[in-house]
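Heads up, the thing below is written out as structure tokens.
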Amino acid sequence: MSKKPKYGIVVFPGSNCDIDCWRALDQVLDADVTYLWHQDATFAQELDVIILPGGFSYGDYLRGGAIATFSPIMEAVKKHAKQGKLIMGICNGFQMLTEMGLLPGTLLKNKNLKFICDTVELVLQQTTSPFTNQYQEDQTISIPIAHGQGNYYVDDNTLHKMEANGQILFKYARNPNGSLSDIAGICNEQRTILGMMPHPERAVEEIIGGTDGALLFQSIANYMLNQN
Amino acid sequence: MASTSTTTNPWQTVGLTQSEYERIIQKLGRTPNLLELNLFGVMWSEHCSYKNSRALFHHFPTKNEYVLQGPGENAGIVDIGDRQAIAFKIESHNHPSALEPYQGAATGVGGIIRDIFAMGARPIALLNSLRFGNLENKRTQYLLDGVVAGIAGYGNCMGIPTVGGEVFFAPDYQENPLVNAMCVGLVDHSRIQKAVAGEAGNDIIYVGASTGRDGIGGASFASEELTEESESQRSAVQVGDPFMEKLLLEACLSLLEEDYVIGLQDLGAAGLTSSCSETASKGSSGIALELSKVPQREEGMNPTEIMISESQERMLIIAKAGKEKEIAAYFERWGLHAVKIGNTTTDGMLTMYHHGELVGEVPAKLLTNEAPVYERPYTRPDYIEKANKLDVTQLEEPDNYNHTLLNLLASPNICSRKWIYRQYDYQVRTNTIIHPGGDAALVRIEGTNKGIAISTDCNNRYCYLDPREGAKIAVAEGARNVVATGATPLAITDGLNFGNPEKADRYWQFRECILGISEACKVLNTPVISGNVSFYNETPTYAIPPTPIIGMTGLLKDMDKAITIGFKQEGDVILLIGDTKEEFGGSEYLAHHHGKVEGPVPSCDLMLEQKHQSYCLELIHHNWIHSAHDLSLGGFGVALVKCCIAGDLGANVTVKNKLRPSAFLFSETQSRFLVSLPEKHIDEALTLAQEQQIKVSVLGSVTANKDIILTYNDASCLSLSIEQAKISYEQTLDTFMN
């Protein structure tokens, strides 16, 4: 019996891409998906994947993602992480994951100090993770970006460890924002937590700029299938 | 009631004239107190009362089969089928942006978004229209940088895609840049809200940010010419908080799921004063306020300050009585407060109490409908005749068409706008089908196969040389842009930016533009459903060129038919719809290559325009063509290159024509489209053109070799690679701005 992954998308005040994720999963990819509210302290145990969506949670005051980490729901998100279940932080969600320490490094302002919206090419670095197993090795994919603070930075030691562990999943073909080592997306050591600045949920339909993002969600479905 | 403090010239302190002051006393039957006088000052300012423009609005057509709500509300609304509608409006924020570009532009965006959700609509797209001085100028660069960042900062944070716009650089905007922002929202017919107070006993509920002293007198400030003292008026520029507005938007829209709301109104120019007096006037009712209840962020604000503050991100809800708690719960979910500050009455008065004491009382309609209306004297300016005597025989033919074309592509008015739109999140909400960079943006209506095409247009050079013809062209070009995506034009909003209307030559420009817009909108069946007037865009020595910006919308019922400007397929036939004449007047070629701004501008035959547009739409709806592009600035030459760059395909074109090559290449004759289609449909397209007596010319074909080749009357005229063209087209803004 096939098991569809069940997704929960956390809505923070100021989230914008919650609805884009919902539409991609529910209407295009036929996944089970539900919204979670930032003030709730718990969510259903049956959820397989938690998405921390893009946007400007709490207006990006202080730093992108910084205040969201104090939301009541984040305790439940940490518990979910401890259980080895999947978490995806996209854009503002990636910033939250680094702020919470669930992923290494931090996201600085773009090198040109401006917001950048574009569709960029990413090169696959790892195709064995739960998030990338449907891509080909070294495959180049087109995925939209839209951020002002996407310039990834981490100390040298950690970078070497991440490289050795295969934690770097996506690199920019042409670095748009000054990210260290062209990094666009990473995961934790256990490969269960993904953080990426590009928006895979914006690339699931031909009519709005391609379907290269759909393979990421299909990778998750494939991973879940093999889990049981 | 507080006693009146009279100075020698009380009217001057609030920006009114002596006769206006006398009108107040006569209508009121007594001398107004200081609070009341301040209310008149802001409400009878040009910005709120439209006193210098209103007399001409009757020329506008305001109805067609699509219009559900014409001018007079926060935004106009048109039907798009399936019980759905779109609300849209354009608004200026010119004066604030001249002083404080980031906040001026940001709060302009914030204001227009509130106008849209006040109609009950969810904002789905933002556009803008910008004017600056010469790009080489450092201050221009500073203003452009700040304005774009401000628009981006607000729109991106709100999660509303900024999908299109336009920008033009000309010296006469040096000290008066223009920032006009347009917003489009989606609403079900059953959810449309109006700003009315309704019957007596309804609650007036205040939601959003608290009230401070920022933006005091902003409406009056916007109704004066900019002078050196304007710098000291920076406090009249408000500061925006898009996060607050996002919460306000979500809370207000969720509240509309319930049946508690009678009316919604944003607090924009003139703050509480305008929102209360306008809602009361429309409902023919009154409003009584207890000003001490208004949430305040500063200590010791007096009633006048509370009434005229323009603090951002505030809304008024007129709600059924007794639902205060239920309504507050909706706002608490988003961390916001909802506070009852008054109620509606039957007496038609705007009545204000402060800690229980009556502090002011004015008939609401006296502030709104009964504001003075002026039809100003007008005379044709002297420059018009002198500037319209272009002798085309004096124009030397360029010696190298490749160079001339490449230079034109690099012109600040033609070059790629990517440096700008890359800062806007144009993709968020995943409905943007045609991105910035094409003719019009195309936004999908969620859950349907329908799309809304939107563009903003105005050639201010044409409008300077011939305001009437220029305004007609602005409407025609807007419609043409929308048609080039496959959409049928629905209606327009207009952002009318002019100099001081009290000067007869400026008023003449204004009047001519109104007449031009009206004529074009009648013929093209695109009524005016909302708009904004910004006067006094001038310094002591010069005014801006007349700049009537047209925000055009169109409906594409079947998105599978949407097409873009780029060539799609090798071997496709390139077809030009429309005749080309030697019309160099007002063209970018004349300005950029010959350094002249002279007319006559291209003529605009609206019947012909209409015919060409409907022919183009037929081609698209038959699925015969692969691409369509409107010819505008830079003429055929620029259009051809843009189609090649966008499709990354070359073109091999052969033309035989009596015109000299420069005229065919760069003349800006109106009502033309450049389309490409597979060979199998060419006969059908030509036959249809013949039936409809439309002039079309087969010019050549799309090639895979990435070269743009034009043979003109058997001689080589253009030969350049897409790569060369791209370098010219794509680098200008980066070079100046990075």
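Labels for the structure tokens follow display order: chains A, B, ..., residues from 1 in each chain, ligands from 1.
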Pick out the residues sitting within 9 Å of stretch 67-72 of chain A, and hand them over as a list in words; count only C-alpha atoms, and ignore anything fewer than 2 positions along from it in its own chain.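 Here the answer would be Phe12, Pro13, His38, Gln39, Asp40, Ala41, Thr42, Ser57, Tyr58, Asp60, Tyr61, Leu62, Arg63, Gly64, Gly65, Met74, Glu75, Ala76, Met96, Leu97, Glu99 and Met100 of chain A.
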Got a sec to pull out which chain A residues are within 6 Å of chain B, counting only C-alpha atoms, and send them as a ChimeraX atom specification? /A:16,20,56,59,115-117,146,202,208
Could you write those residues out with N, CA and C atoms, as a short mmCIF file (atom, residue, chain, number, x, y, z; two decimals), in the first residue's frame?
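result_24.cif was written with the following content:
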```
data_model
loop_
_atom_site.label_atom_id
_atom_site.label_comp_id
_atom_site.auth_asym_id
_atom_site.auth_seq_id
_atom_site.Cartn_x
_atom_site.Cartn_y
_atom_site.Cartn_z
N ASN A 16 4.36 34.31 3.68
CA ASN A 16 3.74 34.55 2.38
C ASN A 16 3.67 33.30 1.52
N ASP A 20 1.63 29.20 -1.26
CA ASP A 20 2.28 28.63 -2.45
C ASP A 20 2.64 27.17 -2.22
N PHE A 56 8.03 36.86 5.34
CA PHE A 56 8.68 37.82 6.24
C PHE A 56 8.07 37.64 7.62
N GLY A 59 7.81 40.33 10.16
CA GLY A 59 8.34 41.48 9.44
C GLY A 59 9.85 41.46 9.28
N PHE A 115 17.34 43.03 -2.54
CA PHE A 115 16.49 41.87 -2.73
C PHE A 115 16.70 41.36 -4.15
N ILE A 116 16.74 40.05 -4.32
CA ILE A 116 16.91 39.49 -5.67
C ILE A 116 15.79 38.50 -5.96
N CYS A 117 15.06 38.76 -7.04
CA CYS A 117 14.06 37.82 -7.52
C CYS A 117 14.48 37.40 -8.91
N ALA A 146 13.96 34.38 -4.33
CA ALA A 146 13.38 35.69 -3.99
C ALA A 146 13.74 35.97 -2.55
N ARG A 202 7.69 26.96 -6.13
CA ARG A 202 7.34 27.84 -7.24
C ARG A 202 7.68 27.20 -8.59
N ILE A 208 4.10 28.15 -14.94
CA ILE A 208 4.71 29.19 -14.12
C ILE A 208 6.20 28.96 -13.91
#
```
From the DSSP assignment of the backbone, select every residue of stretch 33-208 of chain A that is helix (DSSP H, G or I), and format the answer as an MDAnalysis selection string. chainID A and resid 57:60 67:70 73:82 92:99 156:165 180:182 200:202 206:208
According to DSSP computed on the backbone, where in stretch 330-385 of chain B is there strand (DSSP E or B)? Give the residues as a list of chain:residue names.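 Here are the strand (DSSP E or B) residues of stretch 330-385 of chain B: B:Ala338, B:Val339, B:Lys340, B:Ile341, B:Gly342, B:Asn343, B:Thr344, B:Thr345, B:Met349, B:Leu350, B:Thr351, B:Met352, B:Tyr353, B:His354, B:Glu357, B:Leu358, B:Val359, B:Gly360, B:Glu361, B:Val362, B:Pro363.
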Neighbours of stretch 186-201 of chain B within 8 Å (only C-alpha atoms; same-chain residues fewer than 6 positions away dropped), as a PyMOL selection string? chain B and resi 73-74+83-87+118-124+256+262-265+278-287+318+320-321+343-346
Using only C-alpha atoms, the best pick from A:Val11, A:Ile220, A:Ala184, A:Ala214 as closest to A:Pro200 would be A:Ala214
Within 6 Å of B:Ile454 using only C-alpha atoms, minus same-chain residues under 4 positions, as a ChimeraX atom specification: /B:440-441,552-553
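Summary of the local environment: counting only C-alpha atoms, residues at most 7 Å from B:Cys604, other than itself and those fewer than 2 positions away along its chain, are Glu469, Lys472, Ile473, Pro602, Leu606 and Gln670 of chain B.
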What does the file look like for those residues with N, CA and C atoms, as a JSON list (two decimals), in the first residue's frame?
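Output contents, as saved in again.json:
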```json
[["chain", "number", "residue", "atom", "x", "y", "z"],
["B", 469, "GLU", "N", -3.39, 64.19, -28.09],
["B", 469, "GLU", "CA", -2.99, 63.03, -28.86],
["B", 469, "GLU", "C", -2.16, 62.07, -27.97],
["B", 472, "LYS", "N", -4.44, 60.07, -25.78],
["B", 472, "LYS", "CA", -5.10, 59.03, -26.58],
["B", 472, "LYS", "C", -4.15, 57.84, -26.78],
["B", 473, "ILE", "N", -2.91, 58.19, -27.11],
["B", 473, "ILE", "CA", -1.92, 57.14, -27.37],
["B", 473, "ILE", "C", -1.65, 56.32, -26.11],
["B", 602, "PRO", "N", 3.14, 61.08, -33.46],
["B", 602, "PRO", "CA", 2.42, 60.18, -34.36],
["B", 602, "PRO", "C", 0.90, 60.35, -34.19],
["B", 606, "LEU", "N", -8.12, 56.14, -33.70],
["B", 606, "LEU", "CA", -8.66, 55.17, -32.75],
["B", 606, "LEU", "C", -9.49, 54.08, -33.40],
["B", 670, "GLN", "N", 1.61, 54.54, -34.74],
["B", 670, "GLN", "CA", 0.78, 53.79, -33.79],
["B", 670, "GLN", "C", 0.07, 52.60, -34.44]]
```
